[in-house]
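Heads up: the structure comes next, in C-alpha cells.
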Amino acid sequence: MLLAMTEPVALLTMRGIVKTFPGVRALDGVDLDVAVGEVHCLLGQNGAGKSTLIKVLGGAHRPDAGSIVLDGAEVSFATPHAADGAGIATIHQELDLVPGLSVAENVVLGHEPARFGFTRPRDAEELARALLRRLGHPEIPPRRELGRLSAAGQQVVGMARALARDARLIVMDEPSAVLDPEEVRNLFRVIRELTAEGVSVVYISHRLEEIRAIGDRVTVLKDGRTVARNLPAATTPTADVIRLMTGRSIEYVFPSRAAPEDSGVVLEVEALSRTGEFADVSFTVRAGEVVGLAGLVGSGRSEILETVFGARRATAGTVRVRGTQLRRGSVPAAVRAGMGLCPEERKSQGLLMGEPVYRNVSLPVLSRFARGGFLRRDAELDAASAVTAQLDVRPADATRGTATLSGGNQQKVVLARWLLRGCDVLLLDEPTRGVDVGARSEIYALVRRLAGQGVAVVLVSSEVPEVLGLADRVLVVREGRVVHTSASDELDEGRVLDLVMEGEARV
Amino acid sequence: MSEHQVTTAPAADERSRVEAAGAAPRPSALHRLLDSGAGRNLGLVAVLVILAVVGVGTADTFATASNLLTILTSASIIGVITVGVTFVIIGGGIDLSVGKLMALASVWATTVATQSFGPVVMILCALLVGMGGGLVNGLLIAYGRIVPFIVTLAMLISAQGLAERISGRRSQIVTDPTIGAIATTRLLGIPLLVFVFAAVVAVGWVVLNRTTFGRRTFAIGGNAEAARLAGLDVRRHTVLLYVVSGLCCGIAAIMIASLTTTGSSTHGTLYELDAIAAVIIGGTLLTGGRGTLIGSILGVLVFTTITNLFVLNNLDTDVQNIAKGVIIVIAVLIQIRARRTSP
C-alpha cells in the first residue's frame with residue numbers, strides 16, 4: 001500500500017486519555033499520534049479539550065485513564081519536571097517565564113549551567129545567544145530583562161528555552177496569536193528546521209491557513225474526544241474540518257425564542273473604546289433581547305463586556321442604560337443603573353469561595369437586609385434561599401460553603417445574585433464554561449426566561465452553537481472590532497467560525 | 001420571585017449551626033467544627049487552660065483575683081489595637097503603623113497646649129490623630145494603589161518622627177486629673193481600662209458580625225475582585241478599614257497616657273508585631289477574608305498570660321520571646337492542617 005511507504009516512525013502514542021474535573025469530563029477518550037519529525041496540528045473549538053490534553057502531555061495533569069507511549073515505552077508523568085526530563089517541552093499561551101530575570105536566565109531556568117554550585121552566567125549567555133541566532137532573532141540581547149521584551153520577543157525566548165532543553169517534542173499552544181505575519185513566517189522557518197532535525201511539534205492554532213502551511217497531519221478534538229486523527233493537513237477540505245469541529249455528539253436543547261417585539265432600547269453602547277483592547281464598539285440591546293458576542297479568546301469580547309459594566313475604564317465612548325449615561329469605570333454606577341455581570345472567571349472574579357452560598361447571593365443587595373447598618377440575617381438567608389431554590393441550586397442548603405458546589409451550581413449562585421438584585425441588563429461572560437450538560441440547559445432556559453421578562457441580555461461565549469441558540473442577534477468580534485452584525489437566524493456555525501477565525505492570509 | 005419557596009430555615013448563627021451539626025452529625029460535622037471560628041478558637045482556649053494550669057502549679061499568686069485583673073489590664077491596650085488590626089487583616093490589608101500612631105496620638109493629646117483645653121479635647125485630639133493617620137494610610141492604599149505593607153511602614157516611621165518632633169523626645173507628663181484618673185478608677189473592683197477594652201471588643205464584634213460593614217469587610221478580604229464586580233465600593237471601604245484601625249490607636253493612646261501618666265514617642269514600640277501575631281494565632285488568615293475577633297482577643301490573652309507567668313516566676317524576657325515565637329509557629333501549623341482537612 002502507498003500508505004505503508006509513508007508510514008512515519010511513531011514518537012508518541014496517546015490512547016483513550018480520560019481526565020475528569022469536578023462536574024466536567026474534560027477529556028473523554030482522546031487519541032493522539034505524533035511521528036518523529038512531523039508537525040502535528042491539534043484542532044478543536046474552545047472547550048474541546050486541547051488545553052487539558054497538552055497539560056496531560058506536559059505532566060501538569062495526571063490522566064484518570066488511558067496510556068501514553070513515548071518511544072515505544074509506556075510513560076506516566078507525575079510532574080512537569082518528569083515530562084521535561086523525557087524531552088517534552090511546552091510553550092504555553094500564557095508564557096511561563098519570569099519577567100524579572102534576564103533573557104539568558106530564562107532560557108536556562110531550572111537547568112542553569114553551573115560548576116560547584118556556582119552559576120556560570122557567561123555560559124548561559126553564550127547558549128542563549130546561539131539559540132536566539134538560530135531562531136532568527138540575534139537582535140535580542142541575552143542580558144535584557146525579559147519583561148521589557150515585546151510579547152513576540154518573549155515568545156521567541158520561550159522557544160529558545162524549549163530548544164535549550166534538547167526537547168524531542170515541542171508543544172506550541174497558539175504560538176501565532178501574538179505574532180505579526182513576518183514573525184509567523186520566521187516561526188515557520190524555525191519549525192521546519194527543527195523537524196528536519198527530527199524534532200516533533202504539536203501545533204495548536206485556530207487559523208486553518210496556518211495549519212495548511214506548516215502542518216503534516218491533523219487531529220480534531222470535540223467535546224473531549226478525538227473525532228478524527230491523522231488527517232492530511234494540506235489536503236483535507238476546510239468544510240470537512242469545520243464539520244468535524246462542530247458536529248456535536250451532545251445536542252443542546254435551546255429554548256425557543258419568543259418573536260422579537262418592538263420593545264424599547266435598554267442598553268446603548270456607543271463608540272466604546274479601550275486603548276490596546278478594542279475600538280469603536282457600538283450596539284444597542286432592547287428589552288427582552290439577547291445579543292451574543294462571538295469571538296476567539298483574546299478578540300476583546302470579555303474586555304468589551306467588562307468595560308460596559310465599568311469594571312474597566314473606557315478610554316472613549318459612552319454607555320447608557322434607559323437613556324442615562326453611566327460614569328466611566330464605575331461598577332457601583334452600573335449596578336445602580338440595573339446592570340449585572342456574571343464574569344468570565346467564576347472563581348477569581350465571581351465568587352467568595354470561602355463564604356456560604358447565601359452570602360454570595362446577597363452581596364450586591366446587602367443594605368436591603370439591613371436596618372441602620374445591622375444585618376437581619378434571617379431575612380437575608382430567606383431571600384437568598386428563595387432565589388437559589390428557584391434556580392434549583394444543589395445542594396439546596398444555602399448555608400453550604402460555595403467551594404463545595406459543582407461548577408454548574410456555582411454559576412447558578414452568580415446568576416442568583418443578579419436575580420435577587422433584579423436587573424434590567426444582564427451581562428453574561430461564558431456562562432456555561434465548566435458547567436455540566438444538565439445545568440447548561442437550565443441556564444439556557446433561565447436566560448430565555450429572563451429575556452421573556454424584559455431583561456436585556458448580552459452574552460459572550462466561545463461556543464458558537466450557544467451564541468446562535470440563545471441570542472437573537474449576533475455581533476462577531478475579531479481583533480478588538482465588531483466585524484459583523486446580523487440576526488442569528490441568518491448565520492450558521494460554519495459561517496460564524498469563518499468570520500471569527502478569518503485571519504488575514506498570513507503565510 | 002413569583003414562586004414562594006419553602007426553605008428549611010437553618011439557624012442563622014454560625015455557632016448554633018455548629019451545635020446543630022454536633023447534635024445531628026453529618027459526615028462533615030467534624031470538618032465544619034474545625035473550620036468554623038469557634039473550632040479554631042478551641043485550640044487557643046486549650047492553650048489558655050494549659051497556661052493557667054502551669055500558672056497555678058508554679059506560682060501561688062497566679063490564680064488570685066488581683067493577678068487576673070493585672071493580666072486583663074495589661075492586655076487592654078494592645079487588645080484595643082488588635083481589634084482594629086483584625087478589621088484591617090480580615091479586609092485583606094495589613095497595618096504596621098498602629099504602635100507608632102498610638103504613640104503620636106498620645107504625644108499630641110498631652111502637649112501643654114492640648115492639655116490646657118481639658119480632658120474632652122485631649123480625648124478628641126487622640127481620636128482625631130489616630131483616625132487622621134488611618135485616613136492617610138487608607139487613601140494611599142486605596143486610591144494611590146501602593147501596597148499596604150509599604151504605606152503603613154512609611155506611616156510607622158513618619159509617625160515616630162512626628163511624635164519625637166512634637167515631644168522633643170521627652171515624656172510629656174499628664175497633668176490633667178481626669179485623664180490620669182482613667183487608669184486608677186475601678187468599677188465593682190475592676191479597672192476602668194478593662195471595661196474600655198471589653199466595650200471596644202463588644203462594639204467591634206457586633207460591627208464585624210452583625211452589620212453590612214462587617215460583611216463587606218469579609219467579602220473584600222476574601223475576593224476583592226469579586227466584591228468589586230458585585231458592585232461594592234471596594235476603595236471607599238478600604239479607606240474606612242484603616243480609619244477604624246486608626247480610631248482604635250486613638251483610644252489606646254488615651255489608655256496608655258493614663259496608665260503611664262505620660263505621652264511619649266517611645267510608647268507602642270513593636271505593638272504592631274504583637275497585634276499581628278495575636279490576630280494570626282487567633283485564626284485569621286493573613287491573606288484576608290477569614291477570621292474572628294474573639295480569636296484575636298484570645299491571642300492577646302495568650303501572649304499576656306505568658307508574660308504574666310514569666311514575671312511571676314522571675315524568668316527572663318528573652319526566654320519569654322522564644323516561647324511566643326514557638327507558639328505563633330505551632331498555632332499557624334495547626335491552622336494549615338485544619339484548612340487542609342476541611343472540604
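Chain labels A, B, ... are given in the sequence in which chains occur in the C-alpha cells; within each chain residues are numbered consecutively from 1, and ligands are likewise numbered from 1 in the order shown.
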
* Using only C-alpha atoms, determine which residues of chain B fall within 6 Å of chain A; present them as a list in words. =>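 In the required form, that comes to Gln5, Arg210, Thr211, Thr212, Asn223, Glu225, Ala226, Ala230 and Gly231 of chain B.
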
* To do: List every residue of range 329-504 of chain A that DSSP, applied to the backbone of this structure, places in strand (DSSP E), and write the result as an NGL selection string.
  => :A and (339-342 or 370-371 or 374-375 or 425-429 or 456-461 or 473-478 or 481-487)

* Asked: What lies within 7 Å of Asp429 in chain A using only C-alpha atoms, ignoring chain neighbours under 4 positions off, as a list in words?
  -> Ser302, Cys342, Pro343, Glu344, Leu459, Val460 and Ser461 of chain A

Could those selected residues go to a file with C-alpha atoms, as a CSV table (one decimal), in the first residue's frame?
chain,number,residue,atom,x,y,z
A,302,SER,CA,-14.7,39.9,27.5
A,342,CYS,CA,-21.6,37.1,35.5
A,343,PRO,CA,-17.8,37.3,34.9
A,344,GLU,CA,-15.7,35.0,32.8
A,459,LEU,CA,-23.9,37.0,26.1
A,460,VAL,CA,-20.3,36.2,25.4
A,461,SER,CA,-19.4,32.6,24.6

* Quick one: everything within 8 Å of Val234 in chain B, counting only C-alpha atoms, minus sequence neighbours fewer than 6 positions away in the same chain. Send it as a list in words. =>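 So, after excluding close chain neighbours, the residues are Ile220, Ala224, Ala227 and Arg228 of chain B.
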
What does the file look like for those residues with C-alpha atoms, as an mmCIF file, in the first residue's frame?
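Once written, result16.cif looks like this:
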data_model
loop_
_atom_site.group_PDB
_atom_site.id
_atom_site.type_symbol
_atom_site.label_atom_id
_atom_site.label_comp_id
_atom_site.auth_asym_id
_atom_site.auth_seq_id
_atom_site.Cartn_x
_atom_site.Cartn_y
_atom_site.Cartn_z
ATOM 1 C CA ILE B 220 -13.415 42.364 50.173
ATOM 2 C CA ALA B 224 -11.657 41.915 46.251
ATOM 3 C CA ALA B 227 -16.636 42.115 45.600
ATOM 4 C CA ARG B 228 -15.902 44.879 43.125
#

* Asked: Could you pull the residues within 12 Å of Ser74 in chain B, counting only C-alpha atoms, minus those fewer than 2 positions along the same chain, as JSON, numbers by chain?
  -> {"B": [67, 68, 69, 70, 71, 72, 76, 77, 78, 79, 80, 183, 191, 193, 194, 197, 252, 255, 256, 259, 260, 300, 301, 302, 303, 304, 305, 306, 307, 308]}

Residues as selected, N, CA and C atoms, written as an mmCIF file, in the first residue's frame, can you do that?
data_model
loop_
_atom_site.group_PDB
_atom_site.id
_atom_site.type_symbol
_atom_site.label_atom_id
_atom_site.label_comp_id
_atom_site.auth_asym_id
_atom_site.auth_seq_id
_atom_site.Cartn_x
_atom_site.Cartn_y
_atom_site.Cartn_z
ATOM 1 N N ASN B 67 -4.233 39.201 90.401
ATOM 2 C CA ASN B 67 -3.351 38.837 89.290
ATOM 3 C C ASN B 67 -4.127 38.729 87.985
ATOM 4 N N LEU B 68 -5.316 38.153 88.034
ATOM 5 C CA LEU B 68 -6.117 38.031 86.807
ATOM 6 C C LEU B 68 -6.476 39.417 86.276
ATOM 7 N N LEU B 69 -6.767 40.342 87.186
ATOM 8 C CA LEU B 69 -7.054 41.708 86.744
ATOM 9 C C LEU B 69 -5.808 42.370 86.165
ATOM 10 N N THR B 70 -4.644 42.016 86.722
ATOM 11 C CA THR B 70 -3.397 42.524 86.161
ATOM 12 C C THR B 70 -3.228 42.058 84.727
ATOM 13 N N ILE B 71 -3.504 40.768 84.504
ATOM 14 C CA ILE B 71 -3.409 40.232 83.133
ATOM 15 C C ILE B 71 -4.343 41.003 82.202
ATOM 16 N N LEU B 72 -5.598 41.173 82.637
ATOM 17 C CA LEU B 72 -6.576 41.840 81.785
ATOM 18 C C LEU B 72 -6.186 43.301 81.526
ATOM 19 N N SER B 76 -5.303 45.146 77.959
ATOM 20 C CA SER B 76 -6.342 46.032 77.438
ATOM 21 C C SER B 76 -5.845 46.934 76.315
ATOM 22 N N ILE B 77 -4.647 47.487 76.447
ATOM 23 C CA ILE B 77 -4.197 48.458 75.443
ATOM 24 C C ILE B 77 -3.863 47.769 74.124
ATOM 25 N N ILE B 78 -3.025 46.735 74.199
ATOM 26 C CA ILE B 78 -2.711 46.004 72.969
ATOM 27 C C ILE B 78 -3.985 45.344 72.419
ATOM 28 N N GLY B 79 -4.903 45.009 73.315
ATOM 29 C CA GLY B 79 -6.168 44.395 72.888
ATOM 30 C C GLY B 79 -6.994 45.332 72.029
ATOM 31 N N VAL B 80 -7.092 46.591 72.452
ATOM 32 C CA VAL B 80 -7.855 47.570 71.674
ATOM 33 C C VAL B 80 -7.228 47.743 70.290
ATOM 34 N N ALA B 183 -7.030 55.384 84.522
ATOM 35 C CA ALA B 183 -6.337 54.138 84.801
ATOM 36 C C ALA B 183 -6.497 53.694 86.247
ATOM 37 N N PRO B 191 -10.763 47.420 86.987
ATOM 38 C CA PRO B 191 -10.238 48.674 86.443
ATOM 39 C C PRO B 191 -11.054 49.157 85.236
ATOM 40 N N LEU B 193 -10.004 50.551 82.635
ATOM 41 C CA LEU B 193 -9.352 50.186 81.378
ATOM 42 C C LEU B 193 -9.889 48.859 80.832
ATOM 43 N N VAL B 194 -10.179 47.937 81.746
ATOM 44 C CA VAL B 194 -10.702 46.637 81.325
ATOM 45 C C VAL B 194 -12.097 46.807 80.726
ATOM 46 N N PHE B 197 -11.639 48.192 77.233
ATOM 47 C CA PHE B 197 -11.219 47.063 76.394
ATOM 48 C C PHE B 197 -12.436 46.220 76.009
ATOM 49 N N ALA B 252 -6.483 53.679 72.284
ATOM 50 C CA ALA B 252 -5.368 53.090 73.022
ATOM 51 C C ALA B 252 -4.412 54.166 73.529
ATOM 52 N N MET B 255 -5.620 55.486 76.726
ATOM 53 C CA MET B 255 -5.447 54.475 77.768
ATOM 54 C C MET B 255 -4.002 54.436 78.250
ATOM 55 N N ILE B 256 -3.062 54.474 77.305
ATOM 56 C CA ILE B 256 -1.660 54.353 77.721
ATOM 57 C C ILE B 256 -1.172 55.644 78.372
ATOM 58 N N LEU B 259 -2.426 55.319 81.869
ATOM 59 C CA LEU B 259 -1.764 54.260 82.639
ATOM 60 C C LEU B 259 -0.345 54.667 83.023
ATOM 61 N N THR B 260 0.359 55.312 82.100
ATOM 62 C CA THR B 260 1.756 55.671 82.374
ATOM 63 C C THR B 260 1.878 57.121 82.815
ATOM 64 N N VAL B 300 -4.367 37.687 72.137
ATOM 65 C CA VAL B 300 -3.796 38.703 73.026
ATOM 66 C C VAL B 300 -3.677 38.144 74.445
ATOM 67 N N LEU B 301 -4.748 37.471 74.899
ATOM 68 C CA LEU B 301 -4.734 36.939 76.267
ATOM 69 C C LEU B 301 -3.658 35.873 76.448
ATOM 70 N N VAL B 302 -3.451 35.058 75.410
ATOM 71 C CA VAL B 302 -2.402 34.039 75.498
ATOM 72 C C VAL B 302 -1.049 34.707 75.708
ATOM 73 N N PHE B 303 -0.777 35.709 74.870
ATOM 74 C CA PHE B 303 0.522 36.373 74.984
ATOM 75 C C PHE B 303 0.678 37.067 76.341
ATOM 76 N N THR B 304 -0.400 37.745 76.766
ATOM 77 C CA THR B 304 -0.303 38.464 78.042
ATOM 78 C C THR B 304 -0.131 37.498 79.201
ATOM 79 N N THR B 305 -0.807 36.366 79.131
ATOM 80 C CA THR B 305 -0.702 35.382 80.204
ATOM 81 C C THR B 305 0.714 34.808 80.260
ATOM 82 N N ILE B 306 1.293 34.569 79.089
ATOM 83 C CA ILE B 306 2.672 34.077 79.070
ATOM 84 C C ILE B 306 3.590 35.078 79.780
ATOM 85 N N THR B 307 3.447 36.338 79.403
ATOM 86 C CA THR B 307 4.267 37.373 80.048
ATOM 87 C C THR B 307 4.080 37.338 81.559
ATOM 88 N N ASN B 308 2.825 37.265 81.971
ATOM 89 C CA ASN B 308 2.500 37.229 83.392
ATOM 90 C C ASN B 308 3.174 36.054 84.094
#

* **Residues near range 130-135 of chain B, cut-off 9 Å, only C-alpha atoms, skip fewer than 2 positions along chain, as a ChimeraX atom specification** => /B:97-98,101-102,104-105,125-128,137-140,152,155,159,239-251,253

Keeping C-alpha atoms, export the residues of the selection given above as a PDB file, in the first residue's frame.
ATOM      1  CA  SER B  97       1.672  51.753  61.808  1.00  0.00           C
ATOM      2  CA  VAL B  98      -0.579  51.068  64.823  1.00  0.00           C
ATOM      3  CA  LEU B 101       0.162  56.014  65.543  1.00  0.00           C
ATOM      4  CA  MET B 102      -0.797  55.360  69.152  1.00  0.00           C
ATOM      5  CA  LEU B 104       1.831  60.011  68.090  1.00  0.00           C
ATOM      6  CA  ALA B 105      -1.742  60.353  69.346  1.00  0.00           C
ATOM      7  CA  CYS B 125      -7.376  65.033  69.842  1.00  0.00           C
ATOM      8  CA  ALA B 126      -6.106  61.490  70.347  1.00  0.00           C
ATOM      9  CA  LEU B 127      -9.019  60.009  68.398  1.00  0.00           C
ATOM     10  CA  LEU B 128      -8.653  62.504  65.535  1.00  0.00           C
ATOM     11  CA  ASN B 137      -2.982  55.154  55.165  1.00  0.00           C
ATOM     12  CA  GLY B 138      -6.302  54.219  53.573  1.00  0.00           C
ATOM     13  CA  LEU B 139      -6.236  56.896  50.877  1.00  0.00           C
ATOM     14  CA  LEU B 140      -2.703  55.990  49.810  1.00  0.00           C
ATOM     15  CA  THR B 152       1.835  51.617  56.797  1.00  0.00           C
ATOM     16  CA  MET B 155       3.437  55.764  58.355  1.00  0.00           C
ATOM     17  CA  ALA B 159       4.552  58.916  62.951  1.00  0.00           C
ATOM     18  CA  VAL B 239     -10.180  53.606  53.468  1.00  0.00           C
ATOM     19  CA  LEU B 240     -12.737  53.083  56.223  1.00  0.00           C
ATOM     20  CA  LEU B 241     -10.939  49.957  57.454  1.00  0.00           C
ATOM     21  CA  TYR B 242      -7.741  51.901  58.069  1.00  0.00           C
ATOM     22  CA  VAL B 243      -9.718  54.692  59.728  1.00  0.00           C
ATOM     23  CA  VAL B 244     -11.194  52.097  62.096  1.00  0.00           C
ATOM     24  CA  SER B 245      -7.694  50.873  62.872  1.00  0.00           C
ATOM     25  CA  GLY B 246      -6.554  54.452  63.490  1.00  0.00           C
ATOM     26  CA  LEU B 247      -9.531  55.079  65.755  1.00  0.00           C
ATOM     27  CA  CYS B 248      -8.501  52.096  67.878  1.00  0.00           C
ATOM     28  CA  CYS B 249      -5.000  53.587  68.077  1.00  0.00           C
ATOM     29  CA  GLY B 250      -6.519  56.840  69.330  1.00  0.00           C
ATOM     30  CA  ILE B 251      -8.475  55.044  72.044  1.00  0.00           C
ATOM     31  CA  ALA B 253      -3.383  56.339  73.161  1.00  0.00           C
TER      32      ALA B 253
END

* Residues within 12 Å of Leu273 in chain B, only C-alpha atoms, excluding chain neighbours under 6 positions, as a list in words ->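 The residues satisfying every condition are Ile78, Ile81, Thr82, Val85, Ile94, Asp95, Leu96, Ser97, Val98, Gly99, Lys100, Leu153, Leu156, Val279, Ile280, Val300, Phe303, Lys324, Gly325 and Ile328 of chain B.
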
Any chance you could export the current selection's C-alpha atoms as a JSON list (two decimals), in the first residue's frame?
[["chain", "number", "residue", "atom", "x", "y", "z"],
["B", 78, "ILE", "CA", -2.71, 46.00, 72.97],
["B", 81, "ILE", "CA", -5.22, 47.95, 68.97],
["B", 82, "THR", "CA", -5.66, 44.33, 67.97],
["B", 85, "VAL", "CA", -5.79, 45.35, 63.18],
["B", 94, "ILE", "CA", -2.05, 44.94, 56.95],
["B", 95, "ASP", "CA", -1.36, 47.81, 59.33],
["B", 96, "LEU", "CA", 2.18, 48.19, 60.62],
["B", 97, "SER", "CA", 1.67, 51.75, 61.81],
["B", 98, "VAL", "CA", -0.58, 51.07, 64.82],
["B", 99, "GLY", "CA", 2.03, 51.22, 67.60],
["B", 100, "LYS", "CA", 3.51, 54.50, 66.48],
["B", 153, "LEU", "CA", 5.57, 51.02, 57.20],
["B", 156, "LEU", "CA", 5.12, 53.94, 61.24],
["B", 279, "VAL", "CA", -4.50, 38.13, 65.01],
["B", 280, "ILE", "CA", -2.65, 35.31, 63.29],
["B", 300, "VAL", "CA", -3.80, 38.70, 73.03],
["B", 303, "PHE", "CA", 0.52, 36.37, 74.98],
["B", 324, "LYS", "CA", 5.98, 33.43, 71.95],
["B", 325, "GLY", "CA", 7.71, 32.66, 68.67],
["B", 328, "ILE", "CA", 3.00, 31.50, 66.74]]

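The residue that comes closest to Ser66 in chain B, out of B:Ala103, B:Leu162, B:Ile90, B:Ile190 and on the basis of only C-alpha atoms, is B:Ile190.
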
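Here CA of Leu70 in chain A is placed at a distance of 5.8 Å from CA of Leu11 in chain A.
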
* So how far away is CA of Val332 in chain B from CA of Gly283 in chain B, in Å? -> 7.7 Å
